Protein chains: 4
Amino acid sequence: MTIPQRLLDFAADLTAIRRDLHEHPELGFQEVRTAGIVAANLRAWGIEVHEGIGKTGVVGLLQGNRPGRRIGLRADMDALPIHEQTNLPFASKTPGVMHACGHDAHTTMLLGAARYLAETRDFAGTAVFIFQPAEEGLGGGRAMIADGLFRRFPCDEIYGMHNSPYHPPGVIGVKPGPAMAGANFFDITITAKGCHAAMPESGIDAVVIAASLVAQIQTIAARNVAPTSPVVVSVTQIHAGAAYNVIPEVATLAGTVRYFDRAVADLVTQRMQALCDGVARGYGVSVRLDMRNVFDVLENDPALSDAMIEQARALVGDKAALKTDLVMGSEDFADMLQVVPGAYCTVGHAGNIPVHNPGFVLDDDVLPLGAALMARMVQARGAA
Amino acid sequence: MTIPQRLLDFAADLTAIRRDLHEHPELGFQEVRTAGIVAANLRAWGIEVHEGIGKTGVVGLLQGNRPGRRIGLRADMDALPIHEQTNLPFASKTPGVMHACGHDAHTTMLLGAARYLAETRDFAGTAVFIFQPAEEGLGGGRAMIADGLFRRFPCDEIYGMHNSPYHPPGVIGVKPGPAMAGANFFDITITAKGCHAAMPESGIDAVVIAASLVAQIQTIAARNVAPTSPVVVSVTQIHAGAAYNVIPEVATLAGTVRYFDRAVADLVTQRMQALCDGVARGYGVSVRLDMRNVFDVLENDPALSDAMIEQARALVGDKAALKTDLVMGSEDFADMLQVVPGAYCTVGHAGNIPVHNPGFVLDDDVLPLGAALMARMVQARGAA
Amino acid sequence: MTIPQRLLDFAADLTAIRRDLHEHPELGFQEVRTAGIVAANLRAWGIEVHEGIGKTGVVGLLQGNRPGRRIGLRADMDALPIHEQTNLPFASKTPGVMHACGHDAHTTMLLGAARYLAETRDFAGTAVFIFQPAEEGLGGGRAMIADGLFRRFPCDEIYGMHNSPYHPPGVIGVKPGPAMAGANFFDITITAKGCHAAMPESGIDAVVIAASLVAQIQTIAARNVAPTSPVVVSVTQIHAGAAYNVIPEVATLAGTVRYFDRAVADLVTQRMQALCDGVARGYGVSVRLDMRNVFDVLENDPALSDAMIEQARALVGDKAALKTDLVMGSEDFADMLQVVPGAYCTVGHAGNIPVHNPGFVLDDDVLPLGAALMARMVQARGAA
Amino acid sequence: MTIPQRLLDFAADLTAIRRDLHEHPELGFQEVRTAGIVAANLRAWGIEVHEGIGKTGVVGLLQGNRPGRRIGLRADMDALPIHEQTNLPFASKTPGVMHACGHDAHTTMLLGAARYLAETRDFAGTAVFIFQPAEEGLGGGRAMIADGLFRRFPCDEIYGMHNSPYHPPGVIGVKPGPAMAGANFFDITITAKGCHAAMPESGIDAVVIAASLVAQIQTIAARNVAPTSPVVVSVTQIHAGAAYNVIPEVATLAGTVRYFDRAVADLVTQRMQALCDGVARGYGVSVRLDMRNVFDVLENDPALSDAMIEQARALVGDKAALKTDLVMGSEDFADMLQVVPGAYCTVGHAGNIPVHNPGFVLDDDVLPLGAALMARMVQARGAA
C-alpha cells in the first residue's frame, strides 16, 4: 500500500477518535456529541465549518493550493438501536445503542482525509466534507439535500465509502452502475380482540395471526418473485403483549423490502397487502399495512466508478481493487448520487462479523486506508 | 333481591370508591395508594387494621356482637398492564395500566361488607377482611400466606368472589370441587444470529423461528392433549427487533398454560420443550424454555360451596344462584383454599366485555350485591 | 369371569373365523365375502337369515324357547383403507386394506353369541342379530335403517360393543347418556395456478397454500372452541402433485370434526370457511369447503346403560364393569340408537396399539367374552 | 421471415403430425407410439434410422450432397403427468397425461427439418437427428449417452431448442454461457404414528408435520440463499392419508431445487436436512430426505451461441434474434452439451400460458420456423 507517511503519522489519533465515537454512539438525528466532535476537529485543522445542515449534519469546506473543481466526500455518523455484545474496552456505554455498522469509522476516515488535505493543501479546487446524520433509514441524506446541501455547497462530483467485513483487509470494491438495492420500510398493525389468556375462545389471538403472517410473508421471495430478480423481504420487528395472562389486542410487525426493479417492489407490496387482507378475512380482524420508500437504488456513475477504481489501484494494487457485484444493502448516499454524479466503494477489513450484528467489530487498521482513498479522490478529481 | 337497606344507603359511596380506584390502577405489589385507601376506610369504620402483609396486603379484624367462629373474606387489589380503551369519565389515568379484571370492584365490595358489618355488628365471631395484592400472576396470595397471614389471623373458613361479565346481572355461581384451572407461566428465548436485514443469508432470522414456534405450539392443544381434558396453551407475548434494517439476534415468547390435571401440564411442558429443541435443531440456534407453576387448581370445599349457594339463594333467589361449570381461569385464592377450607363464587353484572380486554366495563350496580353476599357469609358462618 | 363353558368350548372356532376375516378384509359396502361367511354360519346354526339389507348387511332372527321381547344385537363388518404393518401370520392379504379397528372381532363375537343362543335357546323372545356394513364413515347403519331394518325386524332394545385397546383385558365400560362424539367429514379443494416448478413466479403454489391452511386449522381447536367443550379437528388427507417439476394446479384436503355440541360443530364449520376464504383472498385462488354430517352424537339410554353394566358385572365382576367417560370416537350405531333405545359398551383386550394404526393387534381371548356379554343381554332383556 | 417455401409447402403436414402426437401423449421412456411415428416418417423420407437408443430414443442419419462435418440436432418426445384442461379438438385422449411442455412441437419441428434436408440434400456433411425420450426429469439424455449415442453417432456440434410462451411469436433467444439451471429432485418421507382421527393424542399427526415442513422450507430461498444467487426450492408433491377417520402414519413430500452454483445446491440440501431433523426432533418422528442431482447447469458454447444467433437473425431479423437472460428451467440437453459443444435456443409463439400448466397451448405457426432454424444450423455448420 501507498498510504502517505504524513497520514500514517497521525493514525493513532484516528484510532482514538473512532474509539471515542464508538463508545458514545448516537441514533439518527441525535448525533449532537458526534457532530460537535467533527466540527471541533475540522475547525482545529483550519477548515471552514457549517453545522446544522439537515438537523445534525456538518459540512466542511477546504480550498486547495490551486484552482480546480469541487469534490464532495461524504461520511455518515449515526449508530443503530442494537445492544452491543462485544467485550471491547471501548464498547458502547449507551445501553441499546451501538455503532454496529461502522459509521464511527466512516466519520473518522473522512476526518483523516480532511486533516491530511488541510495539512498538505496539495490539491486543486475545493474539498467539500459532508458528515451526514441518520443514514440508517431515517433519511439523513434527503434531509441535508432538502436543507440546501448542494445549493449552498455545490459539488461537481461526490464520493462515499463503506467498511466491509465481507472482503479481506485492504480490498477496495466498486460496482459500476446499479450497485445497492432500493429499500422500502413497512409496518403492519393487526388489531384483533384481546381477552383473558385462559379463555382464548372469547377473543381473537393477535399473536397467532402475526405468526401466520410472518410465515406466509416468506412465500413472497420464495414463490412470487422471479429468482433471477434479487429481492429481500425481512420482517425485523414483531411485538405483542405485556402480560402472561392477557391475550393482546394488537400485534405489530415491521421490516424492510430490498429490490433493484421498482416493478418487483410493487409486486411485493401487492402480495403483502393480499396476505394481510387474507388473514384479516380468515380471522375476522383488522390488518393495516403501511409501506413506504426509504432508499432509492444506488447508481454509481460508470466513468467515475472507473476513476475510483483507478485511485484504489494506485493505493492497494491492481489485485485488491475490484469491480464487485451488486449487494442488497441500501444507502441513502443513493439520494445524493441522484443529484450529483459520483461513486461509492467498499473497503475490506479484518473484522468478519456481519454488520448490524451485536458482535460487530472493525479493525482500526482500515482507518488510514479509507482516509487516504478519500484524499486521493479530491487530489485526482479536483484537477480533472 | 334482598340487599339490606342500610347497605343500599351507602351504595353511592361504594361507587365513588370504586371509580376512584379505577382511575388510579396500580400493578401487583405496587398497590400503595389502593392499600392506603383501604386501610384509611377500615380505620374510619372502627376496624382494626394491619398493613404490609405480603408487601402491600392489608388485613382488617372486626368482632361481632357475640362469640363465634373466624370467617375470612378476601378481595384482590391489583390492576393489569393493559392500556384502557374505554371512554369512561373515570378511565385509568395511568397509561398502560388498567383495572381490566374488576379488582377495583372486588376491593370495593369487600369494603362495603366491612362497613355494613362494622355499622351493624350483627354477627357472631370475627370477620377477617383480607385485601390481597398481586393476584395477576405475581403470587400475592402466596406472599401473604408466607408472611404469616393465617398464622397471625387464623380463619376457620374463607370466601372470595369474582365479578363475571359472562353471567347476567345478579346471577351468583359456585362450582363445588375443582373449579378453576391450575396455571403455569412460561418464557422462551430464541438466540439466533443478528445481521443486516438486506443480507438474511449472513444471519439466522429469529423472527421467522419465533413465528414457526408459535404456529407449532398450537398443535399441542389441538393434537397432543385428549380433547376431554381441558387445556389452554396461550402465547401472549412475542417480542423481537428494534430497527427496520436489522434482523434481530433474539426473539422472546411468553405465555401461560391452564390445566386441571398435573399430568396434562407435564405433557404440555414436554411437548413445548421438544418443539423448542426441534426449531433449535432445524435452524441451528439456541432456544431456552422456562416453565413454572404460578397457580394451583382452585378446589372449592363441597360443603362450604353449598353454604355459599344457600346464602346466594337467600339474596338473589333460587333461579339466580347456580352451580356452575369449571372455568379455565386461574385464581391465587386457590393457594389460600389449600390452607383454609372455603369457597369462591362469581357474581354476574351488566358489562359483557371479556375480562382482560382494554374495553372491559363493570356496572356499579353489582357493588352492593357483592358486599351483601360477603356480609351474609360472615353472618351465616360465624355462628355455624 | 363366568363365561358359559358351552361357549368356551367353541372358542377355537371363533378364533379361526376372526383370523380368516382378518386375513380377508373388505372395505365398506364391499363386504361380500364377509357377509357370505356370516350368512352361511348363521344358517348352519339354524338361524333365519336375511341378506342384502343396506347393500351388504345381514340380519339373523332367532326365537327363544319362550315368549318375550325383541332384543337387537349389532356388529359391524367393514375394514379400513390402511396398509397392515403387523407380522401376524393372518395379516391382511389385501394390500392397503386392514381390519385396523377390530370389526373382524365384532362380527365374530356376534356370531359367537348367535351360535350360543342357537344351541341353547335358553331365552325369552326374539334375538335379532344385525351385521352392518360400512361403519367407517360410509353410513352403513343409516343405509340399513333406510332399507327397512327396524320396520321389517322390529326391536324393543338394541345393544352393541366395541373392542378397546385402551382398557385392560376383561374390563367392560359403559357411558350412560352422551357417550361418543358426533362427526362431520370435510373436503377442501384448493384450485391455484399450476406452472413449471422452476418458475414459481408464473403460477400460484397450491402446496404452499394447503400447508398454510393445515397449520391455520390447528388454531380452531386451540383458540376458538372453549377448552371445556371437547372437540377434534383432524386433517387426515392431503394430496397434491404428480411430478417433480410441476407445481400442481390443485391441492385437496380432507378430514373429520368431532363434537358433543352442535353449536361447536357449527363454529368449527364457520371458522374453517373463514380460513378457507382467507387463504383464497391472500393468494388469489379458489378454495371450496364441503362439510357434511356423518355421525350423530351417540346417546346411550341411561336405564339400559345400567342394565348393560349389570350384565357386565355378572360376567367380569364389579370392579371390571365400569361407568366410563365420553370419548371422541364416533359410531354409526348412534343412528340406530336414535330409533331404538339401547346401549353400547367397550370391551378391553390385551392389544395396546391404538385403533386405526397399521400395527393394530387384538387378542383373541376377548372373543368369548364379547360373545357372552351379547348373549346375556338377550337372556336378560328378552324377559324384562 | 425467410422460411424456405419448400418447407412452408408441407407446413400442414407438420401441423397434422403435431396434433396427432398431442392427442396421444406418452410419459418418459414410454414413447413407443411416438418413436414409431418418428421412425416411420424418417424412413419414408429416406433417412437411415436407428431405434431403441436409450430405451425409446431414435436417431436418424442423413448425408448432405457434399462432404462436411457432423451436426447433431436434438428434440425431446415425452409428455407430462398433467391432466389436460384445454378445449382443443386434439386435446389429450389419455387422462392424466399431457404435452404441457410442447415436446410434441419439438419432435415435429425436428421432423420438419429432417424432411426439408432430406428433400433438398443441400448441405455439407452429416445431419444427426436425435429424438430423445424422457426429458422431464427421468434422464433420457443421460440414457442415450450411456447407450452409446455419441460413440455410435459422433457429432462435431449439437443444437436444440425449446418453444417459449414467454416470448412473442417469432422471437428466437440464445443465452451464451450458463443458460439453464441445474436441478436436484428430492423426496421426503415422514413416518409418524397413525391413529384414529378422533383421538389425535394417541398418535402423532404426519399431516401437521408435513405442513409445517412445507412452510419452513420456504425460508430456505427467502432467508438462507443470497438474493443475488438465483435459486428455486419447490415442493411439488404432498401426499398423506386415504380415509376421513384415520390420521395417517406416513406423509410424503417431493420436489425440485434449481441453482446455478453447486455450493448453493449443497446449502439447500444442508438446510433441508436440518429442517427435516428439526421436525423429527420436535415431533418425535422419523423424517428421511433423499436428494439427488437430475440436471446439470446447461452451458451454451459462447462461439456456437453466436453462430446460432447469426442463423436466427438471417431467419427472423436482427430485432427478433436476442441474447436472453438465464432461466431457472432445466434441460437434460445439458448432459449432451457436456460431451459435445453446442447451443440451445428458445422460439417464441402465440400461446401465453406457462409450460406445465394444464391449459398450456401452442400455436402451430411456430412449427415451420423451428424446423427452418434447425435445418439452417446443419446447412451453416456442416460446412464450417
# chains A, B, ... in the order shown; residues from 1 in each chain; ligands from 1
>>> residues_around(residues="Gly348 of chain C", least_positions_apart="2", cutoff="7 Å", atoms="only C-alpha atoms", output="list of chain:residue names")
C:Asn163, C:Ser164, C:Pro165, C:Tyr166, C:His167, C:Pro168, C:Pro169, C:Gly170, C:Val171, C:Ile172, C:Thr346
>>> residues_around(residues="segment 3-9 of chain D", least_positions_apart="4", cutoff="12 Å", atoms="only C-alpha atoms", output="ChimeraX atom specification")
/D:13-15,109,111-120,170,311-317,365-376
>>> write_last_selection(atoms="C-alpha atoms", output="PDB file, in the first residue's frame")
ATOM      1  CA  ASP D  13     -48.348 -31.955 -42.672  1.00  0.00           C
ATOM      2  CA  LEU D  14     -46.321 -30.741 -39.691  1.00  0.00           C
ATOM      3  CA  THR D  15     -49.466 -29.417 -38.023  1.00  0.00           C
ATOM      4  CA  MET D 109     -40.039 -29.314 -35.768  1.00  0.00           C
ATOM      5  CA  LEU D 111     -39.101 -33.963 -38.266  1.00  0.00           C
ATOM      6  CA  GLY D 112     -39.738 -30.869 -40.375  1.00  0.00           C
ATOM      7  CA  ALA D 113     -36.035 -30.069 -40.538  1.00  0.00           C
ATOM      8  CA  ALA D 114     -35.275 -33.692 -41.403  1.00  0.00           C
ATOM      9  CA  ARG D 115     -37.809 -33.755 -44.238  1.00  0.00           C
ATOM     10  CA  TYR D 116     -36.589 -30.462 -45.641  1.00  0.00           C
ATOM     11  CA  LEU D 117     -32.937 -31.537 -45.547  1.00  0.00           C
ATOM     12  CA  ALA D 118     -33.823 -34.952 -46.973  1.00  0.00           C
ATOM     13  CA  GLU D 119     -35.738 -33.439 -49.872  1.00  0.00           C
ATOM     14  CA  THR D 120     -33.037 -30.881 -50.660  1.00  0.00           C
ATOM     15  CA  GLY D 170     -41.068 -15.369 -33.983  1.00  0.00           C
ATOM     16  CA  GLN D 311     -28.721 -18.072 -38.172  1.00  0.00           C
ATOM     17  CA  ALA D 312     -31.674 -16.795 -36.171  1.00  0.00           C
ATOM     18  CA  ARG D 313     -31.011 -13.272 -37.454  1.00  0.00           C
ATOM     19  CA  ALA D 314     -30.979 -14.470 -41.000  1.00  0.00           C
ATOM     20  CA  LEU D 315     -34.329 -16.103 -40.334  1.00  0.00           C
ATOM     21  CA  VAL D 316     -36.281 -13.620 -38.201  1.00  0.00           C
ATOM     22  CA  GLY D 317     -34.282 -10.423 -38.483  1.00  0.00           C
ATOM     23  CA  ASP D 365     -47.355 -21.422 -36.791  1.00  0.00           C
ATOM     24  CA  VAL D 366     -44.158 -21.917 -34.828  1.00  0.00           C
ATOM     25  CA  LEU D 367     -43.530 -25.341 -36.367  1.00  0.00           C
ATOM     26  CA  PRO D 368     -42.045 -24.274 -39.748  1.00  0.00           C
ATOM     27  CA  LEU D 369     -39.946 -21.623 -38.012  1.00  0.00           C
ATOM     28  CA  GLY D 370     -38.392 -24.126 -35.636  1.00  0.00           C
ATOM     29  CA  ALA D 371     -37.834 -26.580 -38.472  1.00  0.00           C
ATOM     30  CA  ALA D 372     -36.187 -23.901 -40.586  1.00  0.00           C
ATOM     31  CA  LEU D 373     -33.811 -22.860 -37.810  1.00  0.00           C
ATOM     32  CA  MET D 374     -32.730 -26.444 -37.179  1.00  0.00           C
ATOM     33  CA  ALA D 375     -32.178 -27.003 -40.875  1.00  0.00           C
ATOM     34  CA  ARG D 376     -30.129 -23.809 -41.158  1.00  0.00           C
TER      35      ARG D 376
END
>>> select_by_dssp(residues="segment 138-308 of chain A", states="strand (DSSP E or B)", output="PyMOL selection string")
chain A and resi 157-164+172-174+177-180+182-191+193+195-196+204+231-240+246-247+250-259+286-295+298-300
>>> interface_residues(of="chain D", to="chain B", cutoff="10 Å", atoms="only C-alpha atoms", output="ChimeraX atom specification")
/D:197-205,208-209,212-213,215-216,219-227,271-284
>>> write_last_selection(atoms="N, CA and C atoms", output="compact mmCIF listing (two decimals), in the first residue's frame")
# COMPACT_ATOMS: atom_id res chain seq x y z
N ALA D 197 -58.68 -40.82 13.90
CA ALA D 197 -58.73 -39.37 13.75
C ALA D 197 -59.43 -38.66 14.89
N ALA D 198 -60.19 -39.40 15.69
CA ALA D 198 -60.90 -38.79 16.81
C ALA D 198 -60.04 -38.75 18.07
N MET D 199 -58.89 -39.43 18.03
CA MET D 199 -58.02 -39.49 19.19
C MET D 199 -56.60 -39.09 18.81
N PRO D 200 -56.45 -37.86 18.34
CA PRO D 200 -55.12 -37.45 17.87
C PRO D 200 -54.05 -37.61 18.94
N GLU D 201 -54.47 -37.55 20.21
CA GLU D 201 -53.48 -37.65 21.28
C GLU D 201 -52.87 -39.04 21.39
N SER D 202 -53.47 -40.02 20.71
CA SER D 202 -52.91 -41.37 20.77
C SER D 202 -51.93 -41.63 19.64
N GLY D 203 -51.76 -40.68 18.74
CA GLY D 203 -50.81 -40.86 17.64
C GLY D 203 -49.93 -39.62 17.50
N ILE D 204 -49.28 -39.52 16.36
CA ILE D 204 -48.53 -38.31 16.01
C ILE D 204 -48.91 -37.99 14.58
N ASP D 205 -49.36 -36.75 14.37
CA ASP D 205 -50.05 -36.38 13.14
C ASP D 205 -49.06 -36.03 12.03
N VAL D 208 -49.85 -32.67 9.97
CA VAL D 208 -49.42 -31.42 10.61
C VAL D 208 -47.91 -31.21 10.46
N ILE D 209 -47.17 -32.27 10.57
CA ILE D 209 -45.71 -32.17 10.44
C ILE D 209 -45.34 -31.82 9.00
N SER D 212 -46.02 -28.16 8.38
CA SER D 212 -45.03 -27.29 9.00
C SER D 212 -43.72 -27.32 8.20
N LEU D 213 -43.37 -28.51 7.72
CA LEU D 213 -42.13 -28.63 6.95
C LEU D 213 -42.21 -27.84 5.65
N ALA D 215 -43.96 -25.18 5.10
CA ALA D 215 -43.84 -23.76 5.44
C ALA D 215 -42.39 -23.40 5.75
N GLN D 216 -41.72 -24.26 6.50
CA GLN D 216 -40.35 -23.96 6.89
C GLN D 216 -39.39 -24.01 5.69
N THR D 219 -38.43 -20.88 3.87
CA THR D 219 -37.43 -19.95 4.41
C THR D 219 -36.07 -20.15 3.77
N ILE D 220 -35.86 -21.26 3.09
CA ILE D 220 -34.53 -21.51 2.50
C ILE D 220 -34.25 -20.49 1.41
N ALA D 221 -35.17 -20.39 0.44
CA ALA D 221 -34.96 -19.39 -0.61
C ALA D 221 -35.10 -17.98 -0.06
N ALA D 222 -35.99 -17.80 0.93
CA ALA D 222 -36.28 -16.45 1.42
C ALA D 222 -35.19 -15.93 2.36
N ARG D 223 -34.51 -16.83 3.07
CA ARG D 223 -33.62 -16.39 4.13
C ARG D 223 -32.19 -16.90 4.03
N ASN D 224 -31.97 -18.09 3.44
CA ASN D 224 -30.67 -18.73 3.56
C ASN D 224 -29.76 -18.55 2.36
N VAL D 225 -30.35 -18.28 1.19
CA VAL D 225 -29.54 -18.13 -0.01
C VAL D 225 -29.46 -16.65 -0.36
N ALA D 226 -28.28 -16.19 -0.73
CA ALA D 226 -28.12 -14.78 -1.10
C ALA D 226 -29.07 -14.45 -2.25
N PRO D 227 -29.79 -13.33 -2.13
CA PRO D 227 -30.79 -12.97 -3.15
C PRO D 227 -30.19 -12.80 -4.53
N ARG D 271 -29.75 -27.29 4.50
CA ARG D 271 -30.85 -26.66 5.21
C ARG D 271 -32.07 -27.58 5.25
N MET D 272 -32.34 -28.24 4.14
CA MET D 272 -33.50 -29.15 4.15
C MET D 272 -33.26 -30.29 5.12
N GLN D 273 -32.04 -30.80 5.16
CA GLN D 273 -31.75 -31.88 6.10
C GLN D 273 -31.94 -31.38 7.53
N ALA D 274 -31.46 -30.17 7.81
CA ALA D 274 -31.60 -29.63 9.17
C ALA D 274 -33.08 -29.44 9.53
N LEU D 275 -33.87 -28.92 8.59
CA LEU D 275 -35.30 -28.72 8.88
C LEU D 275 -35.99 -30.07 9.08
N CYS D 276 -35.62 -31.06 8.29
CA CYS D 276 -36.18 -32.41 8.48
C CYS D 276 -35.79 -32.95 9.87
N ASP D 277 -34.53 -32.80 10.22
CA ASP D 277 -34.07 -33.25 11.54
C ASP D 277 -34.81 -32.48 12.63
N GLY D 278 -35.06 -31.20 12.38
CA GLY D 278 -35.74 -30.37 13.37
C GLY D 278 -37.16 -30.85 13.65
N VAL D 279 -37.94 -31.12 12.61
CA VAL D 279 -39.30 -31.60 12.88
C VAL D 279 -39.28 -33.02 13.43
N ALA D 280 -38.29 -33.80 13.02
CA ALA D 280 -38.15 -35.15 13.59
C ALA D 280 -37.97 -35.03 15.10
N ARG D 281 -37.10 -34.11 15.51
CA ARG D 281 -36.86 -33.88 16.94
C ARG D 281 -38.09 -33.29 17.63
N GLY D 282 -38.73 -32.34 16.97
CA GLY D 282 -39.85 -31.63 17.58
C GLY D 282 -41.07 -32.51 17.80
N TYR D 283 -41.25 -33.48 16.91
CA TYR D 283 -42.48 -34.29 16.98
C TYR D 283 -42.20 -35.75 17.33
N GLY D 284 -40.93 -36.09 17.47
CA GLY D 284 -40.62 -37.47 17.84
C GLY D 284 -40.93 -38.46 16.73
>>> residues_around(residues="segment 132-149 of chain C", least_positions_apart="5", cutoff="6 Å", atoms="only C-alpha atoms", output="PDB file with C-alpha atoms, in the first residue's frame")
ATOM      1  CA  GLY C  28     -67.408 -50.571   3.450  1.00  0.00           C
ATOM      2  CA  PHE C  29     -70.305 -51.804   1.279  1.00  0.00           C
ATOM      3  CA  ILE C  53     -80.201 -55.224   3.995  1.00  0.00           C
ATOM      4  CA  GLY C  54     -78.470 -51.906   3.336  1.00  0.00           C
ATOM      5  CA  THR C  56     -74.198 -55.901   2.187  1.00  0.00           C
ATOM      6  CA  GLY C  57     -75.884 -56.023   5.615  1.00  0.00           C
ATOM      7  CA  ASP C  76     -70.023 -54.067  12.141  1.00  0.00           C
ATOM      8  CA  MET C  77     -68.150 -55.872   9.384  1.00  0.00           C
ATOM      9  CA  ASP C  78     -66.062 -53.413   7.356  1.00  0.00           C
ATOM     10  CA  ASP C 332     -72.934 -45.026  13.388  1.00  0.00           C
TER      11      ASP C 332
END
>>> select_by_dssp(residues="segment 202-270 of chain D", states="alpha helix (DSSP H)", output="list in words")
Ala206, Val207, Val208, Ile209, Ala210, Ala211, Ser212, Leu213, Val214, Ala215, Gln216, Ile217, Gln218, Thr219, Arg262, Ala263, Val264, Ala265, Asp266, Leu267, Val268, Thr269 and Gln270 of chain D
>>> atom_distance(atom1="atom CA of Val38 of chain D", atom2="atom CA of Gly342 of chain D")
23.4 Å
>>> residues_around(residues="Leu80 of chain B", least_positions_apart="6", cutoff="12 Å", atoms="only C-alpha atoms", output="PyMOL selection string")
(chain A and resi 196+241-246+248) or (chain B and resi 22+24-31+92+94-104+133-138+355-358+360)
>>> residues_around(residues="Ala303 of chain C", least_positions_apart="5", cutoff="10 Å", atoms="only C-alpha atoms", output="ChimeraX atom specification")
/C:176-177,308-309,341-343
>>> write_last_selection(atoms="C-alpha atoms", output="PDB file, in the first residue's frame")
ATOM      1  CA  PRO C 176     -74.674 -43.554  30.198  1.00  0.00           C
ATOM      2  CA  GLY C 177     -76.066 -40.608  28.252  1.00  0.00           C
ATOM      3  CA  MET C 308     -75.770 -53.452  30.419  1.00  0.00           C
ATOM      4  CA  ILE C 309     -73.460 -52.657  33.340  1.00  0.00           C
ATOM      5  CA  PRO C 341     -83.296 -47.332  22.770  1.00  0.00           C
ATOM      6  CA  GLY C 342     -80.256 -49.281  23.848  1.00  0.00           C
ATOM      7  CA  ALA C 343     -76.649 -49.095  24.935  1.00  0.00           C
TER       8      ALA C 343
END
